[in-house]
Amino acid sequence: MPSEPPQVAKAADLLAEATRTGIACPPVRTLIDDVDEAYAVQQLGVRRGLDAGRRIVGRKIGLTSPAVQRQLGVAQPDFGALFADMAVPDGGEVPAGRLLQPKVEAEVALVLGRDLPDPRCTVVDVLRAVDFALPALEIVDSRIADWDISLVDTVADNASCGLYVLGATPVPLTAVDLRTVTMGMTRGGETVSEGSGAACLGSPLNAAVWLASTLAERGDPLRAGDLVLTGALGSMAPAAAGDVFEARISGLGSVRVGFAQEGSEV
């Protein structure tokens, strides 16, 4: 296998060191030139994770909000890999110090029952492939200091993946219209985010179509059994030790997670 370009390896090393030490690193956009190189950094990090025995269970979609796309000067989402060890049980706690600078957002999760191998994927293909939907919390995190990120920074940093929490009751798509679902997320009982399915590229299904097509074009298509986090339904909220978040999504139910206090046993 040919070696990675030195700038790609350097960026991957900086992000890995931030993860290992818990000390955020400077932006990596000074090292890499474009989004293609940023995905090369991401892929190198994913390969290193697989070599270390981690297991990929699906993908996440980021940058589904038009406001965030405008902020970063992009016109389409990005994606990252989800590993099995990123999962937190519904109602569980995130250990203190597990993440660097976490923020929480509510999403619709899809679990596939069929492969999606065609880069010309349609909504019908996704509807036929999805086994069920779940409410989800994505706990995003950045290895970049102070969330000082551009598009290439977040792509290189595995789309700012942190952890995720899934609700416990699967819902078939025949029982819910994902475009019209409404979401409310609380922190300590106080509402910190509200939104709808339409806020996610018009519908979480549209986001899933984009992801399936993009990954198929890259020769790494979504497969049966994969988990897909389709993107935020509303704004994200910063998390601190002692916080408890709960999101309720109409038609799908609720999902909850806490953040352990420093020094607590979990």
# chains A, B, ... in the order shown; residues from 1 in each chain; ligands from 1
>>> select_by_dssp(residues="region 22-186 of chain A", states="alpha helix (DSSP H)", output="count of residues only")
37
>>> residues_around(residues="Gln76 (chain A)", least_positions_apart="4", cutoff="8 Å", atoms="only C-alpha atoms", output="list in words")
Leu63, Thr64 and Gln69 of chain A
>>> write_last_selection(atoms="C-alpha atoms", output="CSV table (one decimal), in the first residue's frame")
chain,number,residue,atom,x,y,z
A,63,LEU,CA,-23.7,20.0,7.7
A,64,THR,CA,-27.4,19.4,6.9
A,69,GLN,CA,-23.6,25.4,5.3
>>> closest_atom_pairs(of="region 200-246 of chain A", to="region 141-144 of chain A", cutoff="12 Å", atoms="only C-alpha atoms", output="CSV")
residue,atom,partner,partner_atom,distance
A:Met236,CA,A:Asp141,CA,11.1
A:Ala237,CA,A:Asp141,CA,11.5
A:Pro238,CA,A:Asp141,CA,9.8
A:Ala239,CA,A:Asp141,CA,10.2
>>> closest_residue(among="A:Leu100, A:Asp85, A:Ala207, A:Thr214", to="Arg54 (chain A)", atoms="only C-alpha atoms")
A:Asp85
>>> select_by_dssp(residues="region 63-122 of chain A", states="strand (DSSP E)", output="VMD selection string")
chain A and resid 78 to 83 87 to 88 93 to 94 103 to 112
>>> residues_around(residues="Glu246 (chain A)", least_positions_apart="2", cutoff="12 Å", atoms="only C-alpha atoms", output="compact mmCIF listing (two decimals) with N, CA and C atoms, in the first residue's frame")
# COMPACT_ATOMS: atom_id res chain seq x y z
N ASP A 90 -29.22 4.40 25.94
CA ASP A 90 -30.29 5.35 26.24
C ASP A 90 -30.42 5.46 27.76
N GLY A 91 -30.35 6.70 28.27
CA GLY A 91 -30.41 6.92 29.71
C GLY A 91 -29.07 6.77 30.41
N GLY A 92 -28.02 6.48 29.64
CA GLY A 92 -26.70 6.29 30.23
C GLY A 92 -25.97 7.60 30.47
N VAL A 104 -24.47 18.69 21.93
CA VAL A 104 -25.50 17.67 21.72
C VAL A 104 -26.52 18.17 20.71
N GLU A 105 -26.93 17.29 19.81
CA GLU A 105 -27.99 17.61 18.86
C GLU A 105 -28.88 16.40 18.68
N ALA A 106 -30.16 16.67 18.37
CA ALA A 106 -31.14 15.60 18.20
C ALA A 106 -31.30 15.27 16.72
N GLU A 107 -31.43 13.99 16.43
CA GLU A 107 -31.46 13.52 15.05
C GLU A 107 -32.41 12.34 14.90
N PRO A 135 -35.25 7.62 17.47
CA PRO A 135 -34.76 8.93 17.88
C PRO A 135 -33.31 8.78 18.33
N ALA A 136 -32.52 9.83 18.13
CA ALA A 136 -31.10 9.74 18.46
C ALA A 136 -30.59 11.07 18.97
N LEU A 137 -29.57 11.00 19.81
CA LEU A 137 -28.77 12.15 20.18
C LEU A 137 -27.37 11.91 19.64
N GLU A 138 -26.87 12.86 18.88
CA GLU A 138 -25.46 12.81 18.51
C GLU A 138 -24.71 13.77 19.41
N VAL A 165 -26.35 8.27 20.98
CA VAL A 165 -27.30 7.58 21.85
C VAL A 165 -28.54 7.29 21.02
N LEU A 166 -29.03 6.07 21.07
CA LEU A 166 -30.21 5.68 20.30
C LEU A 166 -31.37 5.37 21.23
N GLY A 167 -32.58 5.79 20.82
CA GLY A 167 -33.78 5.38 21.53
C GLY A 167 -33.99 3.88 21.41
N MET A 183 -39.30 18.17 16.88
CA MET A 183 -38.32 17.79 17.89
C MET A 183 -38.21 18.88 18.94
N GLY A 184 -38.13 18.45 20.19
CA GLY A 184 -37.79 19.34 21.28
C GLY A 184 -36.72 18.69 22.14
N MET A 185 -35.66 19.42 22.45
CA MET A 185 -34.57 18.89 23.27
C MET A 185 -34.39 19.77 24.50
N THR A 186 -34.29 19.11 25.65
CA THR A 186 -34.11 19.83 26.91
C THR A 186 -32.75 19.50 27.53
N ARG A 187 -32.26 20.44 28.32
CA ARG A 187 -31.08 20.23 29.16
C ARG A 187 -31.49 20.60 30.58
N GLY A 188 -31.49 19.60 31.45
CA GLY A 188 -31.95 19.84 32.81
C GLY A 188 -33.39 20.30 32.87
N GLY A 189 -34.21 19.84 31.93
CA GLY A 189 -35.62 20.18 31.89
C GLY A 189 -35.94 21.47 31.16
N GLU A 190 -34.94 22.22 30.75
CA GLU A 190 -35.15 23.48 30.04
C GLU A 190 -34.92 23.29 28.55
N THR A 191 -35.84 23.77 27.73
CA THR A 191 -35.72 23.60 26.29
C THR A 191 -34.51 24.36 25.75
N VAL A 192 -33.66 23.64 25.02
CA VAL A 192 -32.46 24.27 24.44
C VAL A 192 -32.42 24.14 22.92
N SER A 193 -33.33 23.35 22.34
CA SER A 193 -33.35 23.21 20.89
C SER A 193 -34.72 22.71 20.45
N GLU A 194 -35.20 23.27 19.36
CA GLU A 194 -36.44 22.81 18.74
C GLU A 194 -36.23 22.74 17.23
N ALA A 237 -26.42 22.11 21.36
CA ALA A 237 -26.25 22.77 22.65
C ALA A 237 -25.01 22.23 23.33
N ASP A 243 -24.82 17.74 33.28
CA ASP A 243 -25.96 18.00 32.41
C ASP A 243 -26.70 16.70 32.07
N VAL A 244 -28.01 16.81 31.90
CA VAL A 244 -28.83 15.72 31.40
C VAL A 244 -29.65 16.25 30.23
N ARG A 248 -37.26 14.64 22.46
CA ARG A 248 -38.50 13.97 22.08
C ARG A 248 -38.80 14.30 20.62
N ILE A 249 -38.99 13.28 19.82
CA ILE A 249 -39.30 13.45 18.40
C ILE A 249 -40.65 12.81 18.14
N GLY A 253 -40.57 8.90 19.63
CA GLY A 253 -40.32 8.72 21.05
C GLY A 253 -39.21 9.61 21.57
N SER A 254 -38.57 9.18 22.64
CA SER A 254 -37.58 10.02 23.31
C SER A 254 -36.27 9.27 23.50
N VAL A 255 -35.23 10.04 23.79
CA VAL A 255 -33.90 9.49 24.04
C VAL A 255 -33.20 10.43 25.02
N ARG A 256 -32.36 9.86 25.89
CA ARG A 256 -31.84 10.64 27.02
C ARG A 256 -30.40 10.26 27.30
N VAL A 257 -29.59 11.23 27.75
CA VAL A 257 -28.21 10.96 28.14
C VAL A 257 -27.77 11.97 29.19
N GLY A 258 -26.89 11.54 30.07
CA GLY A 258 -26.30 12.42 31.07
C GLY A 258 -24.80 12.52 30.89
N PHE A 259 -24.21 13.52 31.54
CA PHE A 259 -22.77 13.73 31.53
C PHE A 259 -22.27 13.67 32.97
>>> closest_residue(among="A:Ala224, A:Val8, A:Ile23, A:Leu31", to="Val111 (chain A)", atoms="only C-alpha atoms")
A:Ala224
>>> atom_distance(atom1="CA of Gly53 (chain A)", atom2="CA of Ala81 (chain A)")
14.6 Å
>>> closest_residue(among="A:Ala175, A:Ile61, A:Ala208, A:Ile139", to="Gly231 (chain A)", atoms="only C-alpha atoms")
A:Ile61
>>> atom_distance(atom1="CA of Lys10 (chain A)", atom2="CA of Pro26 (chain A)")
12.2 Å
>>> closest_residue(among="A:Asn158, A:Ser235, A:Gln101, A:Thr122", to="Ala212 (chain A)", atoms="only C-alpha atoms")
A:Thr122
>>> atom_distance(atom1="CA of Ile149 (chain A)", atom2="CA of Leu15 (chain A)")
12.8 Å
